[in-house]
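*Asks:* Next up, work20.txt (compact mmCIF, C-alpha atoms).
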```
# COMPACT_ATOMS: atom_id res chain seq x y z
CA MET A 1436 13.37 -7.51 -0.64
CA THR A 1437 12.42 -8.73 -4.11
CA PRO A 1438 9.56 -11.17 -4.74
CA GLY A 1439 12.22 -13.85 -4.41
CA ARG A 1440 13.40 -12.38 -1.14
CA PRO A 1441 10.32 -11.35 0.84
CA PRO A 1442 10.69 -9.37 4.07
CA ALA A 1443 11.32 -11.36 7.21
CA ARG A 1444 8.15 -12.49 8.92
CA PRO A 1445 7.58 -12.31 12.65
CA GLY A 1446 8.27 -15.62 14.37
CA SER A 1447 9.79 -18.67 12.74
CA ALA A 1448 8.94 -22.28 12.22
CA PRO A 1449 10.16 -24.49 15.11
CA GLU A 1450 12.44 -27.38 14.31
CA PRO A 1451 10.86 -30.80 14.92
CA ASP A 1452 12.01 -32.37 18.18
CA PRO A 1453 13.73 -35.68 17.40
CA THR A 1454 12.25 -37.15 20.60
CA ALA A 1455 8.66 -36.25 19.70
CA ASP A 1456 6.20 -38.81 18.40
CA GLN A 1457 5.58 -39.02 14.66
CA ALA A 1458 2.25 -37.20 14.75
CA THR A 1459 3.88 -34.23 16.46
CA LYS A 1460 6.71 -34.25 13.95
CA ASP A 1461 4.28 -34.27 11.04
CA ALA A 1462 2.28 -31.39 12.46
CA MET A 1463 5.38 -29.30 13.07
CA SER A 1464 6.74 -29.94 9.59
CA ASN A 1465 3.49 -28.83 7.94
CA ALA A 1466 2.68 -25.80 10.06
CA THR A 1467 4.29 -23.12 12.12
CA THR A 1468 3.41 -21.40 15.37
CA VAL A 1469 4.36 -18.21 17.17
CA SER A 1470 5.24 -17.49 20.75
CA PRO A 1471 3.82 -19.59 23.61
CA ALA A 1472 1.30 -16.80 24.22
CA HIS A 1473 -0.45 -17.89 21.02
CA SER A 1474 -1.37 -21.58 20.96
CA ALA A 1475 -2.81 -22.97 17.74
CA SER A 1476 -4.87 -25.48 19.70
CA THR A 1477 -6.86 -22.65 21.25
CA ALA A 1478 -7.36 -20.65 18.04
CA SER A 1479 -10.71 -18.91 18.10
CA THR A 1480 -11.41 -19.23 14.36
CA LEU A 1481 -10.38 -21.74 11.70
CA ILE A 1482 -10.93 -21.01 8.03
CA THR A 1483 -10.78 -24.30 6.18
CA ASN A 1484 -11.41 -25.75 2.71
CA ILE A 1485 -9.25 -23.05 1.09
CA ALA A 1486 -8.43 -24.07 -2.47
CA SER A 1487 -5.32 -21.87 -2.67
CA LEU A 1488 -3.77 -19.88 0.17
CA VAL A 1489 -1.28 -17.07 -0.51
CA THR A 1490 0.98 -16.75 2.54
CA ASN A 1491 3.85 -14.69 1.03
CA ASP A 1492 6.22 -16.98 2.94
CA PRO A 1493 8.03 -19.47 0.69
CA SER A 1494 8.88 -21.69 3.67
CA LEU A 1495 5.22 -22.31 4.44
CA GLY A 1496 4.12 -23.42 1.01
CA ASP A 1497 5.50 -24.28 -2.39
CA ASN A 1498 8.78 -22.35 -2.02
CA SER A 1499 7.55 -19.69 -4.44
CA PRO A 1500 7.52 -16.03 -3.33
CA LEU A 1501 3.76 -16.36 -2.72
CA GLY A 1502 4.24 -19.39 -0.48
CA LEU A 1503 1.16 -21.07 -1.94
CA ILE A 1504 -0.57 -23.84 0.01
CA GLN A 1505 -3.25 -25.91 -1.71
CA ASP A 1506 -6.18 -27.41 0.25
CA ALA A 1507 -5.24 -25.17 3.15
CA ALA A 1508 -6.55 -23.81 6.42
CA VAL A 1509 -5.76 -20.75 8.55
CA ALA A 1510 -6.21 -20.45 12.31
CA ILE A 1511 -6.81 -17.08 13.97
CA GLU A 1512 -6.65 -16.18 17.63
CA GLY A 1513 -7.66 -12.66 18.53
CA ASP A 1514 -6.18 -10.31 15.95
CA ARG A 1515 -3.33 -12.61 14.84
CA VAL A 1516 -2.72 -15.59 12.62
CA VAL A 1517 -1.50 -18.50 14.75
CA TRP A 1518 -1.35 -21.39 12.28
CA THR A 1519 -1.35 -22.08 8.55
CA GLY A 1520 -0.99 -25.35 6.73
CA ASP A 1521 -2.63 -28.38 5.14
CA GLN A 1522 -6.26 -28.48 6.24
CA SER A 1523 -5.92 -32.18 7.11
CA LYS A 1524 -3.58 -31.14 9.93
CA ALA A 1525 -5.57 -28.15 11.15
CA PRO A 1526 -5.99 -27.62 14.91
CA ALA A 1527 -9.34 -28.29 16.52
CA THR A 1528 -11.62 -25.33 17.18
CA ASP A 1529 -15.33 -24.83 17.70
CA ASN A 1530 -15.53 -21.87 15.30
CA ARG A 1531 -14.95 -23.12 11.77
CA ILE A 1532 -15.57 -21.21 8.55
CA ASP A 1533 -15.80 -23.11 5.26
CA ALA A 1534 -14.11 -21.24 2.41
CA GLU A 1535 -15.94 -23.57 -0.01
CA GLY A 1536 -12.97 -24.12 -2.28
CA ARG A 1537 -12.12 -20.45 -2.77
CA ALA A 1538 -8.80 -18.62 -2.60
CA VAL A 1539 -7.54 -16.64 0.39
CA LEU A 1540 -4.76 -14.07 0.26
CA PRO A 1541 -3.46 -11.35 2.57
CA GLY A 1542 -5.45 -8.14 2.79
CA PHE A 1543 -4.09 -5.60 0.33
CA VAL A 1544 -1.64 -3.01 1.64
CA ASP A 1545 -2.30 0.31 -0.11
CA SER A 1546 0.85 2.26 0.66
CA HIS A 1547 0.06 5.47 -1.26
CA SER A 1548 -3.20 7.43 -1.17
CA HIS A 1549 -4.49 10.99 -0.77
CA LEU A 1550 -7.85 10.60 0.97
CA VAL A 1551 -8.17 13.82 3.00
CA PHE A 1552 -9.75 16.13 0.45
CA ALA A 1553 -12.97 17.78 -0.59
CA GLY A 1554 -14.44 18.73 -3.95
CA ASP A 1555 -14.68 17.08 -7.33
CA ARG A 1556 -12.63 17.26 -10.52
CA THR A 1557 -14.95 15.41 -12.89
CA GLN A 1558 -14.80 18.20 -15.49
CA GLU A 1559 -11.02 18.07 -15.55
CA PHE A 1560 -11.03 14.31 -16.12
CA ASN A 1561 -13.75 14.54 -18.77
CA ALA A 1562 -11.85 17.20 -20.68
CA ARG A 1563 -8.61 15.23 -20.52
CA MET A 1564 -10.27 12.05 -21.77
CA SER A 1565 -12.09 14.01 -24.49
CA GLY A 1566 -8.98 15.71 -25.79
CA ARG A 1567 -10.19 19.17 -24.84
CA PRO A 1568 -8.07 21.89 -23.20
CA TYR A 1569 -8.92 22.58 -19.59
CA SER A 1570 -7.53 25.53 -17.66
CA ALA A 1571 -8.79 24.91 -14.12
CA GLY A 1572 -6.31 24.75 -11.29
CA GLY A 1573 -5.61 21.02 -10.93
CA ILE A 1574 -4.32 20.38 -7.42
CA ARG A 1575 -5.11 24.00 -6.55
CA THR A 1576 -8.79 23.30 -7.22
CA THR A 1577 -8.74 20.58 -4.58
CA VAL A 1578 -6.77 22.82 -2.22
CA ALA A 1579 -9.47 25.49 -2.37
CA ALA A 1580 -12.25 22.97 -1.77
CA THR A 1581 -10.40 21.27 1.07
CA ARG A 1582 -9.69 24.52 2.85
CA ALA A 1583 -13.37 25.42 2.63
CA ALA A 1584 -14.60 22.06 3.96
CA SER A 1585 -15.49 21.43 7.57
CA ASP A 1586 -13.73 18.82 9.67
CA GLY A 1587 -16.90 16.74 9.53
CA GLU A 1588 -16.96 16.83 5.75
CA LEU A 1589 -13.35 15.70 5.55
CA GLU A 1590 -13.99 12.93 8.08
CA ALA A 1591 -17.00 11.72 6.09
CA ASN A 1592 -15.01 11.60 2.87
CA VAL A 1593 -12.17 9.60 4.43
CA ALA A 1594 -14.62 7.15 6.00
CA ARG A 1595 -16.44 6.73 2.70
CA TYR A 1596 -13.35 5.93 0.67
CA LEU A 1597 -11.94 3.63 3.33
CA ALA A 1598 -15.17 1.65 3.42
CA GLU A 1599 -15.06 1.46 -0.37
CA ALA A 1600 -11.46 0.17 -0.27
CA LEU A 1601 -12.23 -2.32 2.51
CA ARG A 1602 -14.99 -3.90 0.42
CA GLN A 1603 -12.33 -4.50 -2.24
CA GLY A 1604 -9.90 -6.18 0.13
CA THR A 1605 -7.69 -3.35 1.40
CA THR A 1606 -6.95 -3.80 5.10
CA THR A 1607 -3.92 -1.51 5.55
CA PHE A 1608 -3.51 1.89 3.98
CA GLU A 1609 -1.32 4.97 4.07
CA THR A 1610 -2.72 8.42 3.42
CA LYS A 1611 -1.32 11.92 3.16
CA SER A 1612 -2.04 15.56 3.76
CA GLY A 1613 -1.19 17.91 0.90
CA TYR A 1614 -4.46 19.61 0.03
CA GLY A 1615 -4.36 22.25 2.78
CA LEU A 1616 -0.96 23.90 2.32
CA THR A 1617 -1.41 26.13 5.36
CA VAL A 1618 -0.21 25.32 8.85
CA GLU A 1619 -3.75 24.93 10.16
CA ASP A 1620 -5.13 22.97 7.20
CA GLU A 1621 -2.21 20.56 6.95
CA ALA A 1622 -2.34 19.83 10.67
CA ARG A 1623 -6.08 19.19 10.65
CA ALA A 1624 -5.75 16.91 7.60
CA LEU A 1625 -3.26 14.80 9.52
CA ARG A 1626 -5.48 14.72 12.60
CA VAL A 1627 -8.35 13.46 10.43
CA ALA A 1628 -6.12 10.83 8.82
CA ALA A 1629 -4.64 9.69 12.14
CA ALA A 1630 -8.12 8.83 13.40
CA HIS A 1631 -8.24 6.10 10.74
CA THR A 1632 -4.69 4.80 10.27
CA ASP A 1633 -1.23 4.75 11.82
CA GLU A 1634 0.33 5.23 8.38
CA VAL A 1635 0.00 9.01 8.11
CA THR A 1636 2.22 11.11 5.86
CA TYR A 1637 2.96 14.83 6.06
CA LEU A 1638 2.90 16.18 2.48
CA GLY A 1639 2.93 19.93 3.01
CA ALA A 1640 5.31 19.88 0.04
CA HIS A 1641 2.72 18.69 -2.49
CA ILE A 1642 2.95 21.92 -4.48
CA VAL A 1643 3.92 25.46 -3.56
CA ALA A 1644 0.91 27.05 -1.88
CA PRO A 1645 -0.85 29.65 -4.06
CA GLU A 1646 -0.01 32.41 -1.57
CA PHE A 1647 3.70 31.69 -2.09
CA ALA A 1648 3.64 31.46 -5.89
CA GLU A 1649 6.24 34.24 -6.11
CA ASP A 1650 8.23 33.05 -3.08
CA PRO A 1651 8.84 29.29 -3.25
CA ALA A 1652 11.82 29.60 -0.89
CA GLY A 1653 9.51 31.17 1.67
CA TYR A 1654 7.13 28.24 1.32
CA VAL A 1655 9.94 25.71 1.80
CA ALA A 1656 10.88 27.62 4.96
CA LEU A 1657 7.29 27.32 6.18
CA VAL A 1658 7.10 23.59 5.33
CA THR A 1659 10.35 22.89 7.18
CA GLY A 1660 9.55 25.21 10.08
CA GLU A 1661 6.20 26.20 11.56
CA MET A 1662 4.16 23.78 9.46
CA LEU A 1663 6.44 20.85 10.31
CA ASP A 1664 6.22 21.73 14.01
CA ALA A 1665 2.43 21.59 13.85
CA CYS A 1666 2.26 18.43 11.75
CA ALA A 1667 5.03 16.18 13.06
CA PRO A 1668 3.09 15.00 16.14
CA HIS A 1669 0.35 13.55 13.91
CA ALA A 1670 2.47 11.79 11.26
CA ARG A 1671 4.86 8.89 10.79
CA TRP A 1672 6.20 9.88 7.36
CA VAL A 1673 7.32 12.98 5.45
CA ASP A 1674 6.87 13.23 1.68
CA VAL A 1675 7.62 15.68 -1.11
CA PHE A 1676 6.62 15.94 -4.76
CA CYS A 1677 10.03 16.18 -6.41
CA GLU A 1678 9.19 17.23 -9.94
CA LYS A 1679 9.43 20.13 -12.37
CA GLY A 1680 6.72 22.59 -11.36
CA ALA A 1681 6.75 21.39 -7.76
CA PHE A 1682 10.03 21.02 -5.78
CA ASP A 1683 13.52 20.54 -7.15
CA GLY A 1684 16.18 18.24 -5.74
CA ASP A 1685 17.68 20.77 -3.33
CA GLN A 1686 14.28 21.78 -1.99
CA ALA A 1687 13.22 18.16 -1.65
CA ARG A 1688 16.42 17.33 0.24
CA ALA A 1689 15.83 20.20 2.67
CA ILE A 1690 12.23 19.13 3.29
CA LEU A 1691 12.98 15.45 3.82
CA THR A 1692 16.03 16.18 5.97
CA ALA A 1693 14.00 18.51 8.19
CA GLY A 1694 11.33 15.84 8.53
CA LYS A 1695 13.91 13.23 9.49
CA ALA A 1696 15.25 15.56 12.17
CA ARG A 1697 11.74 15.62 13.66
CA GLY A 1698 11.46 11.83 13.65
CA LEU A 1699 9.51 11.42 10.40
CA HIS A 1700 10.81 8.88 7.91
CA PRO A 1701 11.05 9.91 4.23
CA ARG A 1702 9.07 8.75 1.25
CA ILE A 1703 8.99 10.66 -2.02
CA HIS A 1704 6.98 11.29 -5.18
CA ALA A 1705 9.76 10.66 -7.69
CA ASN A 1706 10.26 10.65 -11.46
CA GLN A 1707 6.56 10.64 -12.35
CA LEU A 1708 6.43 13.23 -15.13
CA SER A 1709 10.07 13.42 -16.18
CA TYR A 1710 13.59 12.27 -15.39
CA GLY A 1711 14.90 13.91 -12.24
CA PRO A 1712 16.79 13.55 -8.98
CA GLY A 1713 13.94 12.06 -6.93
CA VAL A 1714 14.88 8.38 -7.05
CA GLN A 1715 18.57 8.98 -6.32
CA LEU A 1716 17.62 11.24 -3.41
CA ALA A 1717 15.23 8.62 -2.06
CA VAL A 1718 17.94 5.96 -1.98
CA GLU A 1719 20.49 8.36 -0.52
CA LEU A 1720 18.15 9.26 2.36
CA ASP A 1721 16.98 5.65 2.83
CA ALA A 1722 13.40 6.60 1.99
CA ALA A 1723 10.98 3.75 2.53
CA SER A 1724 9.63 4.21 -0.98
CA ALA A 1725 10.07 6.17 -4.18
CA ASP A 1726 6.61 6.45 -5.67
CA HIS A 1727 5.65 6.55 -9.38
CA CYS A 1728 9.11 5.76 -10.86
CA THR A 1729 7.87 6.20 -14.42
CA HIS A 1730 10.97 7.85 -15.95
CA LEU A 1731 14.11 6.02 -14.81
CA THR A 1732 17.70 5.97 -15.98
CA ASP A 1733 19.83 2.87 -15.65
CA ALA A 1734 21.54 4.59 -12.70
CA ASP A 1735 18.17 5.05 -11.02
CA VAL A 1736 17.34 1.37 -11.40
CA ASP A 1737 20.78 0.35 -10.14
CA ALA A 1738 20.40 2.61 -7.10
CA LEU A 1739 17.02 1.11 -6.22
CA ALA A 1740 18.38 -2.41 -6.61
CA ALA A 1741 21.30 -1.67 -4.31
CA GLY A 1742 19.29 0.08 -1.61
CA ARG A 1743 16.31 -0.61 0.67
CA THR A 1744 13.96 1.86 -1.00
CA VAL A 1745 10.88 0.23 -2.53
CA ALA A 1746 9.69 1.33 -5.98
CA THR A 1747 5.96 1.92 -5.55
CA LEU A 1748 4.12 1.86 -8.87
CA LEU A 1749 0.75 3.57 -9.25
CA PRO A 1750 -0.91 2.41 -12.49
CA GLY A 1751 -4.16 4.21 -11.71
CA ALA A 1752 -2.37 7.48 -12.42
CA GLU A 1753 -1.23 6.35 -15.86
CA PHE A 1754 -4.69 5.00 -16.63
CA SER A 1755 -6.33 8.31 -15.68
CA THR A 1756 -3.86 10.53 -17.50
CA ARG A 1757 -3.00 8.34 -20.50
CA ALA A 1758 0.67 8.68 -19.61
CA ALA A 1759 3.40 6.15 -20.30
CA TRP A 1760 3.27 3.08 -18.07
CA PRO A 1761 6.08 2.40 -15.59
CA ASP A 1762 8.24 -0.52 -16.67
CA ALA A 1763 7.78 -2.95 -13.80
CA ARG A 1764 9.55 -5.73 -15.69
CA ARG A 1765 12.74 -3.69 -15.88
CA LEU A 1766 12.67 -3.07 -12.13
CA LEU A 1767 11.86 -6.65 -11.18
CA ASP A 1768 14.53 -8.10 -13.44
CA ALA A 1769 17.06 -5.80 -11.77
CA GLY A 1770 16.10 -7.10 -8.33
CA VAL A 1771 14.19 -4.03 -7.15
CA THR A 1772 11.43 -4.51 -4.58
CA VAL A 1773 8.18 -3.31 -6.16
CA ALA A 1774 4.93 -2.29 -4.51
CA LEU A 1775 1.58 -1.61 -6.18
CA SER A 1776 -0.76 1.02 -4.83
CA THR A 1777 -3.81 3.01 -5.92
CA ASP A 1778 -2.65 6.63 -5.49
CA CYS A 1779 -6.34 7.30 -4.77
CA ASN A 1780 -6.83 11.05 -5.25
CA PRO A 1781 -9.46 13.25 -6.92
CA GLY A 1782 -7.30 14.49 -9.77
CA SER A 1783 -5.12 11.84 -11.38
CA SER A 1784 -6.14 8.44 -9.96
CA PHE A 1785 -9.62 8.39 -8.48
CA THR A 1786 -9.74 4.68 -7.72
CA SER A 1787 -9.64 2.85 -4.40
CA SER A 1788 -9.44 -0.56 -6.08
CA VAL A 1789 -6.22 -2.51 -5.63
CA PRO A 1790 -7.65 -5.39 -7.76
CA PHE A 1791 -8.03 -2.91 -10.62
CA CYS A 1792 -4.39 -1.85 -10.21
CA ILE A 1793 -3.30 -5.50 -10.19
CA ALA A 1794 -5.07 -6.06 -13.50
CA LEU A 1795 -3.45 -2.95 -15.02
CA ALA A 1796 0.00 -4.02 -13.81
CA VAL A 1797 -0.36 -7.44 -15.41
CA ARG A 1798 -1.85 -6.14 -18.64
CA ASP A 1799 0.31 -3.06 -19.22
CA MET A 1800 3.38 -3.08 -16.96
CA GLY A 1801 4.93 -6.47 -17.63
CA MET A 1802 4.13 -8.10 -14.28
CA THR A 1803 2.99 -11.67 -13.85
CA PRO A 1804 -0.17 -12.27 -11.77
CA ASP A 1805 1.99 -13.69 -8.97
CA GLU A 1806 4.27 -10.64 -8.96
CA ALA A 1807 1.37 -8.20 -8.99
CA VAL A 1808 -0.36 -9.89 -6.05
CA TRP A 1809 2.91 -10.03 -4.08
CA SER A 1810 3.53 -6.34 -4.78
CA ALA A 1811 0.03 -5.36 -3.66
CA THR A 1812 0.41 -7.23 -0.38
CA ALA A 1813 3.97 -7.95 0.83
CA GLY A 1814 5.37 -5.24 -1.44
CA GLY A 1815 3.06 -2.64 0.07
CA ALA A 1816 4.08 -3.81 3.53
CA ALA A 1817 7.75 -3.38 2.58
CA ALA A 1818 6.99 0.16 1.39
CA LEU A 1819 5.66 0.86 4.89
CA ARG A 1820 8.54 -1.02 6.56
CA ARG A 1821 6.04 -3.44 8.09
CA ASP A 1822 6.35 -7.20 8.60
CA ASP A 1823 3.07 -7.72 10.47
CA VAL A 1824 0.81 -7.14 7.45
CA GLY A 1825 0.83 -8.28 3.82
CA ARG A 1826 1.33 -11.96 4.68
CA ILE A 1827 -0.58 -14.82 6.27
CA THR A 1828 1.99 -16.20 8.66
CA PRO A 1829 1.92 -16.88 12.39
CA GLY A 1830 2.38 -13.66 14.30
CA ALA A 1831 1.10 -11.42 11.50
CA TYR A 1832 -2.17 -9.57 11.83
CA ALA A 1833 -5.14 -11.66 10.71
CA ASP A 1834 -5.89 -9.52 7.65
CA LEU A 1835 -7.34 -11.83 5.00
CA THR A 1836 -9.21 -11.50 1.73
CA LEU A 1837 -11.49 -14.28 0.48
CA LEU A 1838 -12.05 -14.37 -3.28
CA ASP A 1839 -15.05 -15.78 -5.07
CA ALA A 1840 -12.57 -17.70 -7.21
CA PRO A 1841 -10.25 -20.68 -6.76
CA SER A 1842 -7.02 -18.74 -7.36
CA HIS A 1843 -5.50 -15.29 -6.87
CA VAL A 1844 -4.79 -15.28 -10.63
CA HIS A 1845 -8.46 -14.43 -11.19
CA LEU A 1846 -7.75 -10.89 -9.99
CA ALA A 1847 -6.05 -10.29 -13.35
CA TYR A 1848 -7.89 -12.98 -15.29
CA ARG A 1849 -11.33 -11.44 -14.55
CA PRO A 1850 -10.66 -7.69 -14.43
CA GLY A 1851 -13.46 -5.48 -13.19
CA VAL A 1852 -15.39 -8.34 -11.58
CA PRO A 1853 -16.10 -7.87 -7.83
CA LEU A 1854 -14.35 -11.04 -6.69
CA VAL A 1855 -13.80 -10.11 -3.04
CA SER A 1856 -16.43 -12.01 -1.07
CA GLY A 1857 -15.02 -11.74 2.44
CA VAL A 1858 -12.53 -9.65 4.38
CA TRP A 1859 -11.07 -10.13 7.86
CA ARG A 1860 -9.25 -7.23 9.45
CA ARG A 1861 -7.27 -7.96 12.59
CA GLY A 1862 -9.22 -11.14 13.11
CA GLU A 1863 -12.68 -9.65 12.70
CA ARG A 1864 -14.78 -10.40 9.64
CA VAL A 1865 -15.69 -6.95 8.33
CA VAL A 1866 -16.99 -7.84 4.85
```
Output the file's structure as structure tokens, nothing else.

*Replies:*
Amino acid sequence: MTPGRPPARPGSAPEPDPTADQATKDAMSNATTVSPAHSASTASTLITNIASLVTNDPSLGDNSPLGLIQDAAVAIEGDRVVWTGDQSKAPATDNRIDAEGRAVLPGFVDSHSHLVFAGDRTQEFNARMSGRPYSAGGIRTTVAATRAASDGELEANVARYLAEALRQGTTTFETKSGYGLTVEDEARALRVAAAHTDEVTYLGAHIVAPEFAEDPAGYVALVTGEMLDACAPHARWVDVFCEKGAFDGDQARAILTAGKARGLHPRIHANQLSYGPGVQLAVELDAASADHCTHLTDADVDALAAGRTVATLLPGAEFSTRAAWPDARRLLDAGVTVALSTDCNPGSSFTSSVPFCIALAVRDMGMTPDEAVWSATAGGAAALRRDDVGRITPGAYADLTLLDAPSHVHLAYRPGVPLVSGVWRRGERVV
């Protein structure tokens, strides 16, 4: 599923009936509808006067991966898109919204975040950016604060960061546990996350818990045993930080395999800080995504290109740590499906802004503006194995972002400017 081969969308464009009148033929050739349960003629909302519409379906627009339609309109019924096309052929509806010549694109799909946490690591970031040594505990600092926080405090933090992301156009997000590292704290983190999203990931294997510093095998046994039993009912995914200083390849395999046996699908933190087995393991286990992918061998790239695993790149982490940038160009040229995500977390990437990550990817990772936008929408959906988000096509959820600009290219062209002027999530205007 490269930008040239986007994931299949729900529904398909009907073939024009050779016996239909010419007006019907024209309408069917310039638009597409879904099942009979959704009729475009009864759409509850029509957004019109869109200068440039990103559909992420080449067949609906200019045959590019973004499926661009100029002078476009979108019809919404309930929580779904029911029609897209040339605004001159838009269906009639009483509820019309004038986009005033601005761009519309799918809501961003943030497929990697760590939002269930407490505490603050400002001093750590300040020291790192100032070139000063800092000996605090990193992830362990957040673990201590998270364990000490009440459920209400964790809920408030998640709600705050989600509202912040929504204002910047994110309509679908994944988030993880990983800052509790006890059976009770991991399970409650997932319960908190599950109140806000279906895309919940069990990351008991973020690091070895402090109590098991001298017994990592014992901690792996806990993560694959009692902790997994408590957490599996609240999660869709299982994740592991496969890296020197965290979990090696054998440990990661045991953790992901145990999760799969409990019905959780794998994703993996892979090859962020050094070369390692993470990417190869991800492809072997058909993980939905291998995340970070900063240090890759040619064999790693070939494996990703040959498999279904998405390479999720997280430029906020490189920005916040001054590490080497992932080479997105190398992956894209090899035919790998790439997603862009924020990695929002308090230690190494404290941003909830997908537009910021798009600008970084274009400036420093070799992506074109089109590729970066695709990766932050349809690419993120692919990393979650979803075809009902990340695109504006009939049958998909009506998750839309309106920019105060005539083109999606402005997301990279005007970095740091708050361009998102409207957001619809599942058909409801929320910003």

*Asks:* (-12.0, -13.3, 6.8) in this file's frame - what residues fall within 8 Å of it? Use only C-alpha atoms and give the answer as a list in words.

*Replies:*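 So the residues meeting the distance criterion are Ile1482, Asp1834, Leu1835, Thr1836, Leu1837, Gly1857, Val1858, Trp1859, Arg1860, Gly1862, Glu1863, Arg1864, Val1865 and Val1866 of chain A.
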
*Asks:* Compute the distance from (-11.8, 16.2, 7.1) to each atom, counting only C-alpha atoms, keep the residues with any atom at most 10 Å away, and return them as an NGL selection string; use the coordinates of the file.

*Replies:* :A and (1550-1553 or 1581-1582 or 1584-1594 or 1620 or 1623-1628)

*Asks:* Looking at all atoms listed in the file, which of A:Asn1530, A:Thr1636, A:Gln1522, A:Gln1686 is the one that sits closest to Val1655 in chain A?

*Replies:* A:Gln1686

*Asks:* Using all atoms listed in the file, which of the listed residues (A:Ser1479, A:Val1658, A:His1730, A:Ala1847) sits closest to Asp1514 in chain A?

*Replies:*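 Of the candidates, the smallest distance to Asp1514 in chain A is held by A:Ser1479.
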
*Asks:* Quick one: residues within 9 Å of Ala1507 in chain A, only C-alpha atoms counted, chain neighbours fewer than 2 positions away excluded, as a short mmCIF file (atom, residue, chain, number, x, y, z; two decimals) with C-alpha atoms, in the coordinates of the input?

*Replies:*
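Listed below is the output, around.cif:
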```cif
data_model
loop_
_atom_site.label_atom_id
_atom_site.label_comp_id
_atom_site.auth_asym_id
_atom_site.auth_seq_id
_atom_site.Cartn_x
_atom_site.Cartn_y
_atom_site.Cartn_z
CA ILE A 1482 -10.93 -21.01 8.03
CA THR A 1483 -10.78 -24.30 6.18
CA ASN A 1484 -11.41 -25.75 2.71
CA ILE A 1485 -9.25 -23.05 1.09
CA ALA A 1486 -8.43 -24.07 -2.47
CA SER A 1487 -5.32 -21.87 -2.67
CA LEU A 1488 -3.77 -19.88 0.17
CA ILE A 1504 -0.57 -23.84 0.01
CA GLN A 1505 -3.25 -25.91 -1.71
CA VAL A 1509 -5.76 -20.75 8.55
CA THR A 1519 -1.35 -22.08 8.55
CA GLY A 1520 -0.99 -25.35 6.73
CA ASP A 1521 -2.63 -28.38 5.14
CA GLN A 1522 -6.26 -28.48 6.24
CA SER A 1523 -5.92 -32.18 7.11
CA ALA A 1525 -5.57 -28.15 11.15
#
```

*Asks:* Identify, on the basis of only C-alpha atoms, every residue whose closest approach to Ala1681 in chain A does not exceed 10 Å; exclude the query and any residue fewer than 2 positions from it along the same chain; express the result as a PyMOL selection string.

*Replies:* chain A and resi 1640-1643+1651+1675-1679+1683+1686-1687

*Asks:* Select, from A:Ala1652, A:Ile1532, A:Ala1598, A:Leu1739, the residue with the minimum atom-to-atom distance to Glu1719 in chain A, counting only C-alpha atoms.

*Replies:*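 For Glu1719 in chain A, the nearest of the candidates is A:Leu1739.
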
*Asks:* Calculated over only C-alpha atoms, which of the candidates A:Leu1691, A:Val1489, A:Val1539, A:Leu1481 has the smallest distance to Ile1511 in chain A?

*Replies:*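 Nearest to Ile1511 in chain A: A:Leu1481.
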
*Asks:* Set the distance at 8 Å and use only C-alpha atoms: which residues neighbour range 1750-1754 of chain A once local chain neighbours fewer than 2 positions away are removed? I'd like the list as a list in words.

*Replies:* Leu1748, Thr1756, Arg1757, Ala1758, Ala1759, Trp1760, Pro1761, Leu1775, Ser1776, Thr1777, Asp1778, Cys1779, Ser1783, Ser1784, Phe1785, Thr1786, Cys1792, Leu1795 and Ala1796 of chain A

*Asks:* Smallest atom-to-atom distance to Leu1495 in chain A: which of A:Ala1717, A:Thr1659, A:Trp1518, A:Thr1607, using all atoms listed in the file?

*Replies:*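 Among the listed residues, the smallest separation from Leu1495 in chain A belongs to A:Trp1518.
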
*Asks:* Using all atoms listed in the file, find the one residue out of A:Thr1528, A:Ser1755, A:Ser1499, A:Ser1548 that sits nearest to Thr1605 in chain A.

*Replies:*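 Checking each of A:Thr1528, A:Ser1755, A:Ser1499, A:Ser1548 against Thr1605 in chain A, counting all atoms listed in the file, the winner is A:Ser1548.
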
*Asks:* I'd like the neighbourhood of Leu1846 in chain A as number ranges by chain, where a residue qualifies if any of its atoms comes within 6 Å (using only C-alpha atoms), though same-chain residues fewer than 3 positions away should be ignored.

*Replies:* A: 1790, 1843, 1849
